[in-house]
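Notes for the one structure printed next.
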Amino acid sequence: MKLNLNPWTPVNWSVSETEWNDPALPMVTLGVINLHRCAELRLTLDVITRAVQYPNYEVIVVDNGSTDGSIEMIRSEYPQVRLHEVGANLGVSSRNFQAKLAQGKYLFSFDDDTSPGTPSMVLRIVQYLEAHPGIDVLSTRYYRPLSGITETEGWSHFRVGKISELGIPGIFLVEGGACFRLDSLKKVDGYEPAFLCYGEGAELALQFYKEGRGIYLCPWFLTLHFVSSSRKSGFRAYANSRHTVWIISKHWPISAAIPLLACLILRRFIAMAMHSGTFKENAKGLLDGFRGIRPFIEYQPKLTWRQVFGLKRFYLGLFRWA
């Protein structure tokens, strides 16, 4: 099925007076997590507090112990924002506080360096989800405007099931550009506390998949990602190796996990041979992954065998190069 994937369509730029005054529109929550990115966070809050065209929403910032003036900036410049201070760096699992604090029917999840791509994106997604109750998690196109890179490009190759009018089904969760039905999010465990960052989206999406929930990539909705310069490729290689070991061990039956882990080790060593600059990080990630594997092996429930075989295309994405 061919979908209209153009996120720049004019309908995404303006909201009519009738839509603005629609009493049926539910309250929604826009959530942001932050750590030591005061400048990036200010840009994000500028957009979601001043440019979002939606009549009834709240903004929650969960801060992971920033010491760069982020807290003071929020309090002085954005007093309408609900601030929750974690006091320590819990990583991506701090998003779980958003689910606990949110008062909206839908929870939009952003990072401190991401924001809605068009003024009416929030409204259009809410309208879409209201019309399609079978979608529990909606991920957007993830676009880097400074480089022209679309991070979600090619994700349809790893879909689970057929493309439909709802979107592209799969284990898709754009961590900084997704929208959840809050009641559905509260029925799963939430973000894995052991993951500081990287891989958390796939892990959470697998929780939804096991519950038979609808997870869709809808690339006609757009999130802008202004990538922070503080990101380190070495840590990303390490975390991806470690977390993929944990994801497989946590969700697959042991008899399916063993061959998948063997494939993972082979693919990582080939990747390390091709990209020697991350050899140390990849190797340490695999080693630490297996050292900490026990609680993930013990986790229940696992995927059913029908679900395991239903992920045929997903395995191609699971073993992409680090």
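Residue numbering restarts at 1 in every chain; chains get A, B, ... in the order shown in the structure tokens, and ligands count up from 1 in that same order.
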
Worksheet item: Hey, what's within 8 Å of stretch 195-208 of chain A if we count only C-alpha atoms and toss same-chain stuff fewer than 2 positions away? As a ChimeraX atom specification, please?
Response: /A:90-93,171-175,188-193,210-215,236,239-240,243-244,247,251

Discussion item. To test your reading of the structure, identify every residue in stretch 87-229 of chain A that backbone DSSP assigns to alpha helix (DSSP H), and report it as a ChimeraX atom specification.
Written reply: /A:95-101,121-131,182-185,200-210

Worksheet item: Can you tell me, as a ChimeraX atom specification, what residues are no more than 12 Å from A:Trp305 when counting only C-alpha atoms, ignoring any on the same chain fewer than 6 positions away?
Response: /A:210,251-257,311-312

Print the selection's residues with N, CA and C atoms to a file, as a JSON list (two decimals), in the first residue's frame.
```
[["chain", "number", "residue", "atom", "x", "y", "z"],
["A", 210, "LYS", "N", 4.55, -7.65, 22.65],
["A", 210, "LYS", "CA", 4.15, -8.84, 23.38],
["A", 210, "LYS", "C", 2.70, -8.75, 23.86],
["A", 251, "HIS", "N", 13.65, -10.78, 26.18],
["A", 251, "HIS", "CA", 12.37, -10.97, 25.50],
["A", 251, "HIS", "C", 12.25, -12.29, 24.73],
["A", 252, "TRP", "N", 13.34, -12.92, 24.36],
["A", 252, "TRP", "CA", 13.25, -14.15, 23.57],
["A", 252, "TRP", "C", 13.36, -15.39, 24.46],
["A", 253, "PRO", "N", 12.63, -16.45, 24.15],
["A", 253, "PRO", "CA", 12.82, -17.73, 24.86],
["A", 253, "PRO", "C", 14.28, -18.17, 24.71],
["A", 254, "ILE", "N", 14.80, -18.84, 25.69],
["A", 254, "ILE", "CA", 16.23, -19.18, 25.71],
["A", 254, "ILE", "C", 16.66, -19.95, 24.47],
["A", 255, "SER", "N", 15.79, -20.84, 23.97],
["A", 255, "SER", "CA", 16.16, -21.62, 22.78],
["A", 255, "SER", "C", 16.21, -20.77, 21.52],
["A", 256, "ALA", "N", 15.54, -19.62, 21.53],
["A", 256, "ALA", "CA", 15.64, -18.68, 20.41],
["A", 256, "ALA", "C", 16.73, -17.66, 20.66],
["A", 257, "ALA", "N", 16.95, -17.32, 21.94],
["A", 257, "ALA", "CA", 17.95, -16.32, 22.28],
["A", 257, "ALA", "C", 19.37, -16.78, 21.98],
["A", 311, "LEU", "N", 8.70, -11.73, 13.65],
["A", 311, "LEU", "CA", 9.68, -10.65, 13.62],
["A", 311, "LEU", "C", 10.75, -10.85, 12.54],
["A", 312, "LYS", "N", 10.43, -11.58, 11.51],
["A", 312, "LYS", "CA", 11.45, -11.94, 10.49],
["A", 312, "LYS", "C", 12.20, -10.71, 9.97]]
```

Practice prompt. Give the strand (DSSP E or B) residues of stretch 38-266 of chain A, as DSSP finds them on the backbone, and put them as a PyMOL selection string.
Written response: chain A and resi 57-63+82-85+106-111+114-116+137-144+149-150+164+167-169+177-181+215-225

Worksheet item: How many Å separate atom CA of A:Asp183 from atom CA of A:Ile125?
Response: 16.6 Å

Discussion item. Show me, as a list in words, the residues that have an atom within 6 Å of A:Phe296 when counting only C-alpha atoms, minus same-chain residues fewer than 3 positions from it.
Written reply: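 Close residues of A:Phe296: Ser249, Lys250, Ile293 and Tyr299 of chain A.
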
Item to complete: Give me the residues within 9 Å of stretch 143-153 of chain A as a PyMOL selection string, counting only C-alpha atoms and dropping any in the same chain fewer than 3 places off.
Response: chain A and resi 117+140+156+174+217+219+222-227

Go ahead and write the selection's residues with C-alpha atoms as a compact mmCIF listing (two decimals), in the first residue's frame.
```txt
# COMPACT_ATOMS: atom_id res chain seq x y z
CA GLY A 117 8.40 19.68 13.01
CA THR A 140 7.20 10.21 13.63
CA SER A 156 9.99 0.21 6.53
CA VAL A 174 11.50 7.08 18.06
CA LEU A 217 5.71 4.56 12.20
CA PRO A 219 6.38 9.33 8.57
CA LEU A 222 7.69 15.15 11.53
CA THR A 223 10.01 15.65 14.49
CA LEU A 224 13.11 17.82 14.16
CA HIS A 225 16.29 16.57 15.82
CA PHE A 226 19.02 19.14 16.46
CA VAL A 227 21.69 16.63 17.42
```

Worksheet item: Which residue, A:Cys218, A:Leu129, A:Leu182, A:Ile135, has the smallest gap to A:Ile163 when you use only C-alpha atoms?
Response: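 Checking each candidate against A:Ile163, we get A:Cys218 as the closest.
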
Worksheet item: Out of A:Tyr216, A:Trp20, A:Phe279, A:Phe290, which residue has the shortest atom-to-atom distance to A:Arg242 when counting only C-alpha atoms?
Response: A:Phe290

Worksheet entry | Proximity to A:Phe180 - best of A:Phe110, A:Trp246, A:Phe309, A:Trp13, only C-alpha atoms | A:Phe110

Worksheet entry | Who sits within 8 Å of A:Phe158, only C-alpha atoms, same chain under 5 positions skipped, as a ChimeraX atom specification | /A:170,313-317

Closest contacts (stretch 1-58 of chain A/stretch 70-87 of chain A, max 12 Å, only C-alpha atoms) as CSV:
```
residue,atom,partner,partner_atom,distance
A:Thr29,CA,A:Arg82,CA,10.5
A:Leu30,CA,A:Val81,CA,9.9
A:Gly31,CA,A:Arg82,CA,9.5
A:Val32,CA,A:Leu83,CA,9.7
A:Ile33,CA,A:His84,CA,9.6
A:Asn34,CA,A:Ser70,CA,8.3
A:Leu35,CA,A:Ser70,CA,8.2
A:His36,CA,A:Ser70,CA,6.9
A:Arg37,CA,A:Ser70,CA,7.0
A:Cys38,CA,A:Ser70,CA,4.6
A:Ala39,CA,A:Ser70,CA,8.2
A:Glu40,CA,A:Ser70,CA,9.7
A:Leu41,CA,A:Ser70,CA,7.7
A:Arg42,CA,A:Met73,CA,7.9
A:Leu43,CA,A:Ile74,CA,11.5
A:Thr44,CA,A:Ile74,CA,11.4
A:Leu45,CA,A:Tyr78,CA,7.9
A:Asp46,CA,A:Tyr78,CA,8.8
A:Val47,CA,A:Tyr78,CA,11.7
A:Ile48,CA,A:Val81,CA,10.2
A:Thr49,CA,A:Tyr78,CA,8.2
A:Arg50,CA,A:Tyr78,CA,10.4
A:Tyr57,CA,A:Val81,CA,10.6
A:Glu58,CA,A:Val81,CA,7.3
```

Fill in: From A:Ala102, A:Leu185, A:Ala237, A:Val52, residue lying nearest A:Leu123 [only C-alpha atoms]
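Counting only C-alpha atoms, the residue closest to A:Leu123 is A:Val52.
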
Item to complete: Can you pull out every residue within 8 Å of A:Leu261, counting only C-alpha atoms, but drop anything in the same chain fewer than 4 positions away, and send it as an MDAnalysis selection string?
Response: chainID A and resid 245 248 257 265

Selection above as a file: N, CA and C atoms, as a short mmCIF file (atom, residue, chain, number, x, y, z; two decimals), in the first residue's frame:
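So again_15.cif came out as:
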```
data_model
loop_
_atom_site.label_atom_id
_atom_site.label_comp_id
_atom_site.auth_asym_id
_atom_site.auth_seq_id
_atom_site.Cartn_x
_atom_site.Cartn_y
_atom_site.Cartn_z
N VAL A 245 22.42 -7.39 23.66
CA VAL A 245 22.52 -8.66 24.43
C VAL A 245 21.37 -8.73 25.44
N ILE A 248 17.74 -9.17 23.71
CA ILE A 248 17.50 -10.55 23.26
C ILE A 248 17.24 -11.46 24.46
N ALA A 257 16.95 -17.32 21.94
CA ALA A 257 17.95 -16.32 22.28
C ALA A 257 19.37 -16.78 21.98
N ILE A 265 27.12 -11.84 18.14
CA ILE A 265 28.56 -11.84 18.36
C ILE A 265 29.30 -11.85 17.02
#
```

Fill in: Shortest interatomic distance to A:Met121 - which of A:Leu166, A:Ile270, A:Cys263, A:Val15, counting only C-alpha atoms
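Comparing A:Leu166, A:Ile270, A:Cys263, A:Val15 against A:Met121, the winner is A:Val15.
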
Worksheet item: Taking into account only C-alpha atoms, which residue in the set A:Leu25, A:Ser241, A:Asp112, A:Leu264 is nearest to A:Asp63?
Response: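 Ranking A:Leu25, A:Ser241, A:Asp112, A:Leu264 by distance to A:Asp63, first place goes to A:Asp112.
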